[in-house]
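Novice: Input: one structure, supplied below.
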Amino acid sequence: MSWCWIAFVEDRPAGADAAASTTTGDGRRVGTLAVWLRRAKPVRSARRMDLRLADPAGAAATLSLVLPPAGMRLPFDDVALQHARRRVLAETPFDGVSTLLADASHFAGALTVARGEAQVARLPDEPFARLFAARVLHLGEGVLGSVAPPAGPTIERYGSAQPWPWDRFPA
Amino acid sequence: MLEQPAPTPDRLPALVPGRRLPDLRLPDHTGSERALSELVAGDPVVLQTFRGWWCPKEQAFFRRLVALQDEMEVAYARIVSLSVDPPAVSAAFRAGLGARWTFLCDPDRRALARLGLRETTDTVHNPYVPAVATVLPDLTMTRSWNGYWFWGRPTLEELRQELRAMTRAIRPDWEAPVP
């Protein structure tokens with residue numbers, strides 16, 4: 001499997017494979033980010049994420065979470081979104097990135113993981129945050145890991161159900 | 001299957017079509033160690049060795065590859081560039097070119113020695129000899145070009161033709177499904 005489920009929920013859900021609280025920059029708690037490693041959709045708001053980003057041993061991180069506004073259904077092949085993927089490949093990489101999918105055709109968000117002062121400083125200008133407003137959140141340990149940057153220059157998904165940058169077709 | 005050209009004087013002994021490349025492990029332009037097999041994954045790859053950022057012939061050839069990347073990015077194919085430039089230099093060169101693929105860095109020249117691709121006429125930089133090989137997912141080379149002289153390097157049309165043949169060979173659904 002190339003993807004897992006991820007969702008923002010109020011409290012740690014029973015059955016999640018990893019979860020941690022998120023807070024804003026001023027320390028206000030804003031919910032729990034949970035990950036499920038299974039095929040069946042766990043909660044209604046769950047979205048598909050590149051499986052490699054899930055890591056129950058991952059260190060705490062700062063996230064840029066980009067979600068389209070309610071009612072906005074941007075096709076994954078929209079030229080602005082294509083260009084955001086190009087910029088991810090061109091620019092200095094973060095610790096991890098994944099687009100989020102709710103179906104096979106539309107962009108349902110993006111998650112960018114930053115660690116260290118230099119990455120966190122660049123986070124407000126990460127390429128997907130130029131598409132829609134991003135929330136920058138602090139995430140506790142045990143949910144998201146580090147993933148080597150995509151090899152490039154491919155910006156396409158390896159099948160419409162696969163989040164980018166998952167990088168290969170099934171064997 | 002793909003045509004397997006015989007070795008000729010145009011091809012470097014280290015890059016003979018039909019042979020498999022070693023699974024090199026080198027830092028990329030960000031300084032992270034990468035395995036060649038990880039970068040290739042399941043796609044056809046253009047592997048390029050180059051002298052260094054300072055060589056005008058390399059700069060000219062890179063402009064050719066940068067033009068090709070707009071097609072590569074939607075064609076499930078990859079480019080990997082390899083030189084003795086260290087990561088910080090490679091990252092700056094890559095950014096200046098507008099390249100969006102991975103640059104491997106061999107400043108210690110370990111892989112260079114293993115591959116036997118040192119350009120012996122440049123005793124100042126001891127760089128890679130300029131070359132291009134097309135590589136299948138199992139790291140088998142299908143074609144190679146000796147770029148010591150600029151005109152020995154592949155044209156974009158030669159690369160397109162080879163990438164088409166490689167893709168046809170490795171994609172079981174090359175023939176479009178029809179009713």
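We name chains A, B, ... following the order of the structure tokens; residues begin at 1 in each chain, and ligands are numbered from 1 as shown.
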Using only C-alpha atoms, find which residues of chain A lie within 9 Å of chain B and jot them down as a list in words.

Specialist: Arg86, Arg87, Val88, Leu89, Ala90, Glu91, Thr92, Pro93, Ala148, Pro149, Pro150, Ala151, Gly152, Pro153, Thr154, Ile155, Glu156, Tyr158, Asp167, Arg168, Phe169 and Ala171 of chain A

Novice: If you keep N, CA, C and O atoms, can you produce a file of those selected residues as a short mmCIF file (atom, residue, chain, number, x, y, z; two decimals), in the first residue's frame?

Specialist:
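The result, stored in selection-v4.cif:
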data_model
loop_
_atom_site.label_atom_id
_atom_site.label_comp_id
_atom_site.auth_asym_id
_atom_site.auth_seq_id
_atom_site.Cartn_x
_atom_site.Cartn_y
_atom_site.Cartn_z
N ARG A 86 6.14 21.42 -8.82
CA ARG A 86 7.45 21.76 -9.40
C ARG A 86 8.31 22.52 -8.39
O ARG A 86 9.50 22.27 -8.27
N ARG A 87 7.70 23.43 -7.67
CA ARG A 87 8.48 24.23 -6.71
C ARG A 87 8.99 23.36 -5.56
O ARG A 87 10.08 23.58 -5.04
N VAL A 88 8.19 22.38 -5.15
CA VAL A 88 8.67 21.46 -4.11
C VAL A 88 9.95 20.79 -4.57
O VAL A 88 10.93 20.66 -3.82
N LEU A 89 9.98 20.36 -5.84
CA LEU A 89 11.17 19.68 -6.37
C LEU A 89 12.35 20.64 -6.51
O LEU A 89 13.50 20.26 -6.31
N ALA A 90 12.06 21.87 -6.85
CA ALA A 90 13.14 22.82 -7.15
C ALA A 90 13.78 23.39 -5.88
O ALA A 90 14.97 23.67 -5.86
N GLU A 91 12.98 23.55 -4.83
CA GLU A 91 13.47 24.29 -3.66
C GLU A 91 14.12 23.36 -2.64
O GLU A 91 14.04 22.14 -2.74
N THR A 92 14.77 23.97 -1.66
CA THR A 92 15.41 23.19 -0.60
C THR A 92 14.35 22.34 0.10
O THR A 92 13.30 22.86 0.50
N PRO A 93 14.59 21.04 0.24
CA PRO A 93 13.52 20.17 0.75
C PRO A 93 13.25 20.37 2.25
O PRO A 93 14.12 20.79 3.01
N ALA A 148 13.05 11.07 2.44
CA ALA A 148 13.99 11.65 1.47
C ALA A 148 13.24 12.41 0.40
O ALA A 148 12.13 12.01 0.02
N PRO A 149 13.81 13.50 -0.09
CA PRO A 149 13.09 14.29 -1.09
C PRO A 149 12.83 13.48 -2.36
O PRO A 149 13.60 12.57 -2.69
N PRO A 150 11.76 13.82 -3.08
CA PRO A 150 11.48 13.11 -4.34
C PRO A 150 12.65 13.21 -5.30
O PRO A 150 13.34 14.25 -5.34
N ALA A 151 12.86 12.14 -6.09
CA ALA A 151 14.00 12.12 -7.01
C ALA A 151 13.88 13.18 -8.10
O ALA A 151 14.87 13.75 -8.54
N GLY A 152 12.64 13.47 -8.53
CA GLY A 152 12.41 14.44 -9.59
C GLY A 152 12.79 13.90 -10.96
O GLY A 152 13.53 12.92 -11.05
N PRO A 153 12.32 14.50 -12.04
CA PRO A 153 11.44 15.67 -12.06
C PRO A 153 9.95 15.35 -12.14
O PRO A 153 9.16 16.23 -12.49
N THR A 154 9.54 14.13 -11.79
CA THR A 154 8.14 13.74 -11.98
C THR A 154 7.21 14.50 -11.03
O THR A 154 7.44 14.52 -9.82
N ILE A 155 6.17 15.11 -11.58
CA ILE A 155 5.16 15.78 -10.76
C ILE A 155 3.82 15.05 -10.82
O ILE A 155 2.87 15.46 -10.16
N GLU A 156 3.76 13.97 -11.59
CA GLU A 156 2.51 13.22 -11.72
C GLU A 156 2.37 12.20 -10.59
O GLU A 156 3.36 11.75 -10.02
N TYR A 158 1.52 8.40 -9.33
CA TYR A 158 1.68 7.05 -9.90
C TYR A 158 0.35 6.30 -9.71
O TYR A 158 0.25 5.36 -8.94
N ASP A 167 6.28 7.41 -5.33
CA ASP A 167 7.12 7.51 -6.52
C ASP A 167 7.22 6.26 -7.38
O ASP A 167 8.17 6.13 -8.14
N ARG A 168 6.26 5.36 -7.26
CA ARG A 168 6.37 4.20 -8.15
C ARG A 168 5.02 3.51 -8.33
O ARG A 168 4.15 3.61 -7.46
N PHE A 169 4.89 2.84 -9.47
CA PHE A 169 3.70 2.04 -9.71
C PHE A 169 3.80 0.74 -8.91
O PHE A 169 4.92 0.32 -8.57
N ALA A 171 4.33 -3.02 -8.02
CA ALA A 171 5.18 -4.01 -8.71
C ALA A 171 4.32 -5.07 -9.38
O ALA A 171 3.26 -5.40 -8.90
#

Novice: Give me, as a short mmCIF file (atom, residue, chain, number, x, y, z; two decimals) with N, CA and C atoms, in the first residue's frame, all polymer residues having an atom no more than 6 Å from stretch 114-124 of chain A, counting only C-alpha atoms and skipping those fewer than 3 positions away in the same chain.

Specialist:
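selection33.cif written:
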data_model
loop_
_atom_site.label_atom_id
_atom_site.label_comp_id
_atom_site.auth_asym_id
_atom_site.auth_seq_id
_atom_site.Cartn_x
_atom_site.Cartn_y
_atom_site.Cartn_z
N ALA A 61 7.39 17.92 15.44
CA ALA A 61 7.65 18.69 14.21
C ALA A 61 6.75 19.91 14.16
N THR A 62 7.08 20.80 13.25
CA THR A 62 6.19 21.91 12.92
C THR A 62 5.60 21.63 11.54
N PHE A 94 12.03 20.03 2.63
CA PHE A 94 11.65 19.92 4.03
C PHE A 94 11.84 18.47 4.48
N ASP A 95 11.52 18.19 5.74
CA ASP A 95 11.68 16.83 6.24
C ASP A 95 10.70 15.86 5.59
#

Novice: Let me make sure I understand: among A:Met72, A:Ala57, A:Leu51, A:Leu139, which one has the smallest atom-to-atom distance to A:Trp166 if we use only C-alpha atoms?

Specialist: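 Checking each of A:Met72, A:Ala57, A:Leu51, A:Leu139 against A:Trp166, counting only C-alpha atoms, the winner is A:Leu51.
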
Novice: So that I can see what lies close to B:Arg64, please list as a count of residues only the residues with an atom at most 12 Å from it, counting only C-alpha atoms and leaving out residues fewer than 2 positions away in the same chain.

Specialist: 20

Novice: Find the residues near B:Trp174: any atom within 12 Å, counting only C-alpha atoms, skip ones fewer than 6 places away on the same chain, and give them as a list in words.

Specialist: Arg164, Ala165, Met166, Thr167 and Arg168 of chain B

Novice: Mind checking which residues fall within 8 Å of A:Asp17, counting only C-alpha atoms, ignoring those fewer than 3 positions away in the same chain, and posting them as a list in words?

Specialist: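 Residues meeting the cut-off are Ala34, Val35, Trp36, Leu37 and Pro56 of chain A.
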
Novice: Kindly save the residues from that selection, with N, CA, C and O atoms included, as a PDB file, in the first residue's frame.

Specialist:
ATOM      1  N   ALA A  34      -4.206  12.342  13.746  1.00  0.00           N
ATOM      2  CA  ALA A  34      -4.175  10.874  13.875  1.00  0.00           C
ATOM      3  C   ALA A  34      -3.908  10.223  12.527  1.00  0.00           C
ATOM      4  O   ALA A  34      -4.299  10.753  11.477  1.00  0.00           O
ATOM      5  N   VAL A  35      -3.249   9.079  12.565  1.00  0.00           N
ATOM      6  CA  VAL A  35      -2.894   8.319  11.360  1.00  0.00           C
ATOM      7  C   VAL A  35      -3.381   6.887  11.524  1.00  0.00           C
ATOM      8  O   VAL A  35      -3.263   6.299  12.606  1.00  0.00           O
ATOM      9  N   TRP A  36      -3.944   6.355  10.458  1.00  0.00           N
ATOM     10  CA  TRP A  36      -4.399   4.963  10.445  1.00  0.00           C
ATOM     11  C   TRP A  36      -3.721   4.231   9.293  1.00  0.00           C
ATOM     12  O   TRP A  36      -3.754   4.705   8.154  1.00  0.00           O
ATOM     13  N   LEU A  37      -3.149   3.085   9.552  1.00  0.00           N
ATOM     14  CA  LEU A  37      -2.493   2.276   8.517  1.00  0.00           C
ATOM     15  C   LEU A  37      -3.426   1.141   8.131  1.00  0.00           C
ATOM     16  O   LEU A  37      -3.238  -0.002   8.549  1.00  0.00           O
ATOM     17  N   PRO A  56       5.397   6.159  13.664  1.00  0.00           N
ATOM     18  CA  PRO A  56       5.083   6.194  15.102  1.00  0.00           C
ATOM     19  C   PRO A  56       6.300   6.523  15.969  1.00  0.00           C
ATOM     20  O   PRO A  56       6.138   6.800  17.155  1.00  0.00           O
TER      21      PRO A  56
END

Novice: With DSSP run on the backbone, what are the helix (DSSP H, G or I) residues within stretch 48-179 of chain B? I'd like them as a VMD selection string.

Specialist: chain B and resid 56 to 72 87 to 97 110 to 115 150 to 152 156 to 170

Novice: Smallest atom-to-atom distance to A:Ala129: which of A:Ser2, A:Ser64, A:Ser45, A:Ser146, using only C-alpha atoms?

Specialist: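 Checking each candidate against A:Ala129, we get A:Ser64 as the closest.
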
Novice: List as number ranges by chain the protein and nucleic acid residues near B:Arg51, meaning an atom at most 12 Å away when only C-alpha atoms are counted, but skip any in the same chain fewer than 2 places from it.

Specialist: B: 48-49, 53-59, 61-62, 81-85, 90, 105-107, 112, 117-131, 147-148

Novice: Excluding A:Phe8 and residues on its chain fewer than 2 positions from it, collect all residues at most 9 Å away from it, counting only C-alpha atoms, and give them as a PyMOL selection string.

Specialist: chain A and resi 6+10-11+31-34+45-46

Novice: To one decimal in Å, tell me the separation between atom CA of A:Ala60 and atom CA of A:Leu131.

Specialist: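 Taking atom CA of A:Ala60 as the start and atom CA of A:Leu131 as the end point, the length is 25.6 Å.
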
Novice: With DSSP run on the backbone, what are the strand (DSSP E or B) residues within stretch 15-144 of chain B? I'd like them as a ChimeraX atom specification.

Specialist: /B:20,25-28,33-35,45-49,78-83,102-105,118,128,131-135,140-144

Novice: If you keep N, CA, C and O atoms, can you produce a file of those selected residues as a short mmCIF file (atom, residue, chain, number, x, y, z; two decimals), in the first residue's frame?

Specialist:
data_model
loop_
_atom_site.label_atom_id
_atom_site.label_comp_id
_atom_site.auth_asym_id
_atom_site.auth_seq_id
_atom_site.Cartn_x
_atom_site.Cartn_y
_atom_site.Cartn_z
N ARG B 20 25.09 -3.95 -16.04
CA ARG B 20 24.35 -3.36 -14.93
C ARG B 20 25.26 -2.45 -14.11
O ARG B 20 26.40 -2.83 -13.81
N ARG B 25 26.00 4.45 -3.62
CA ARG B 25 25.43 5.22 -2.50
C ARG B 25 26.27 6.48 -2.34
O ARG B 25 27.46 6.41 -2.02
N LEU B 26 25.64 7.61 -2.57
CA LEU B 26 26.35 8.89 -2.54
C LEU B 26 25.45 9.96 -1.94
O LEU B 26 24.22 9.85 -1.99
N PRO B 27 26.05 11.04 -1.42
CA PRO B 27 25.21 12.15 -0.98
C PRO B 27 24.59 12.86 -2.18
O PRO B 27 25.21 12.95 -3.24
N ASP B 28 23.37 13.34 -1.98
CA ASP B 28 22.76 14.15 -3.04
C ASP B 28 23.07 15.63 -2.79
O ASP B 28 23.85 15.98 -1.89
N GLU B 33 22.35 10.96 2.04
CA GLU B 33 22.85 9.81 1.27
C GLU B 33 21.70 9.13 0.53
O GLU B 33 20.64 8.90 1.09
N ARG B 34 21.95 8.84 -0.74
CA ARG B 34 20.92 8.21 -1.59
C ARG B 34 21.53 7.03 -2.32
O ARG B 34 22.69 7.07 -2.73
N ALA B 35 20.74 6.00 -2.49
CA ALA B 35 21.15 4.86 -3.32
C ALA B 35 20.64 5.09 -4.74
O ALA B 35 19.53 5.59 -4.93
N VAL B 45 15.60 5.90 -16.67
CA VAL B 45 16.41 7.00 -16.14
C VAL B 45 17.48 7.43 -17.14
O VAL B 45 18.07 6.58 -17.82
N VAL B 46 17.70 8.73 -17.20
CA VAL B 46 18.86 9.28 -17.91
C VAL B 46 19.90 9.60 -16.84
O VAL B 46 19.68 10.48 -16.00
N LEU B 47 21.02 8.85 -16.85
CA LEU B 47 22.11 9.09 -15.90
C LEU B 47 23.20 9.86 -16.62
O LEU B 47 23.70 9.42 -17.66
N GLN B 48 23.55 11.00 -16.04
CA GLN B 48 24.54 11.87 -16.69
C GLN B 48 25.71 12.08 -15.74
O GLN B 48 25.52 12.42 -14.58
N THR B 49 26.92 11.87 -16.24
CA THR B 49 28.10 12.29 -15.48
C THR B 49 28.64 13.55 -16.14
O THR B 49 28.60 13.70 -17.36
N ARG B 78 13.11 9.67 -15.27
CA ARG B 78 13.91 10.45 -14.32
C ARG B 78 15.27 10.83 -14.89
O ARG B 78 15.73 10.19 -15.85
N ILE B 79 15.88 11.80 -14.29
CA ILE B 79 17.25 12.20 -14.62
C ILE B 79 18.04 12.16 -13.32
O ILE B 79 17.54 12.58 -12.26
N VAL B 80 19.26 11.66 -13.39
CA VAL B 80 20.19 11.74 -12.25
C VAL B 80 21.52 12.26 -12.81
O VAL B 80 22.03 11.74 -13.80
N SER B 81 22.05 13.29 -12.18
CA SER B 81 23.34 13.86 -12.59
C SER B 81 24.38 13.57 -11.52
O SER B 81 24.06 13.60 -10.33
N LEU B 82 25.60 13.32 -11.94
CA LEU B 82 26.65 12.89 -11.02
C LEU B 82 27.96 13.60 -11.35
O LEU B 82 28.39 13.61 -12.51
N SER B 83 28.56 14.20 -10.33
CA SER B 83 29.86 14.86 -10.53
C SER B 83 30.66 14.80 -9.24
O SER B 83 30.18 14.30 -8.21
N THR B 102 17.62 15.07 -9.13
CA THR B 102 18.63 14.86 -8.09
C THR B 102 20.04 14.90 -8.67
O THR B 102 20.33 14.28 -9.69
N PHE B 103 20.91 15.63 -8.00
CA PHE B 103 22.33 15.66 -8.33
C PHE B 103 23.06 14.83 -7.27
O PHE B 103 22.96 15.12 -6.08
N LEU B 104 23.79 13.83 -7.71
CA LEU B 104 24.62 13.04 -6.79
C LEU B 104 26.03 13.65 -6.74
O LEU B 104 26.53 14.15 -7.76
N CYS B 105 26.64 13.54 -5.57
CA CYS B 105 27.90 14.24 -5.33
C CYS B 105 28.96 13.24 -4.88
O CYS B 105 28.75 12.48 -3.94
N ARG B 118 37.15 8.48 -14.61
CA ARG B 118 37.94 9.70 -14.40
C ARG B 118 38.43 10.25 -15.74
O ARG B 118 38.93 9.50 -16.57
N TYR B 128 34.67 13.63 -13.48
CA TYR B 128 34.08 12.57 -14.30
C TYR B 128 34.22 12.95 -15.76
O TYR B 128 34.11 14.13 -16.12
N ALA B 131 29.46 11.93 -19.78
CA ALA B 131 28.83 10.77 -20.43
C ALA B 131 27.36 10.74 -20.06
O ALA B 131 26.94 11.36 -19.08
N VAL B 132 26.61 10.01 -20.85
CA VAL B 132 25.18 9.81 -20.57
C VAL B 132 24.89 8.34 -20.80
O VAL B 132 25.37 7.74 -21.76
N ALA B 133 24.12 7.75 -19.89
CA ALA B 133 23.63 6.38 -20.08
C ALA B 133 22.14 6.36 -19.77
O ALA B 133 21.68 7.06 -18.86
N THR B 134 21.41 5.59 -20.53
CA THR B 134 20.00 5.36 -20.20
C THR B 134 19.94 4.05 -19.43
O THR B 134 20.58 3.06 -19.79
N VAL B 135 19.15 4.05 -18.35
CA VAL B 135 19.21 2.97 -17.36
C VAL B 135 17.80 2.47 -17.05
O VAL B 135 16.90 3.27 -16.79
N THR B 140 20.28 -1.84 -15.45
CA THR B 140 20.93 -2.23 -16.70
C THR B 140 20.92 -1.05 -17.67
O THR B 140 19.89 -0.41 -17.87
N MET B 141 22.09 -0.79 -18.25
CA MET B 141 22.18 0.30 -19.22
C MET B 141 21.69 -0.17 -20.60
O MET B 141 22.00 -1.29 -21.02
N THR B 142 20.92 0.68 -21.26
CA THR B 142 20.44 0.31 -22.59
C THR B 142 21.24 1.02 -23.69
O THR B 142 21.35 0.51 -24.80
N ARG B 143 21.75 2.21 -23.40
CA ARG B 143 22.55 2.95 -24.38
C ARG B 143 23.46 3.89 -23.64
O ARG B 143 23.17 4.27 -22.49
N SER B 144 24.54 4.28 -24.25
CA SER B 144 25.41 5.27 -23.62
C SER B 144 26.05 6.14 -24.67
O SER B 144 26.14 5.76 -25.85
#
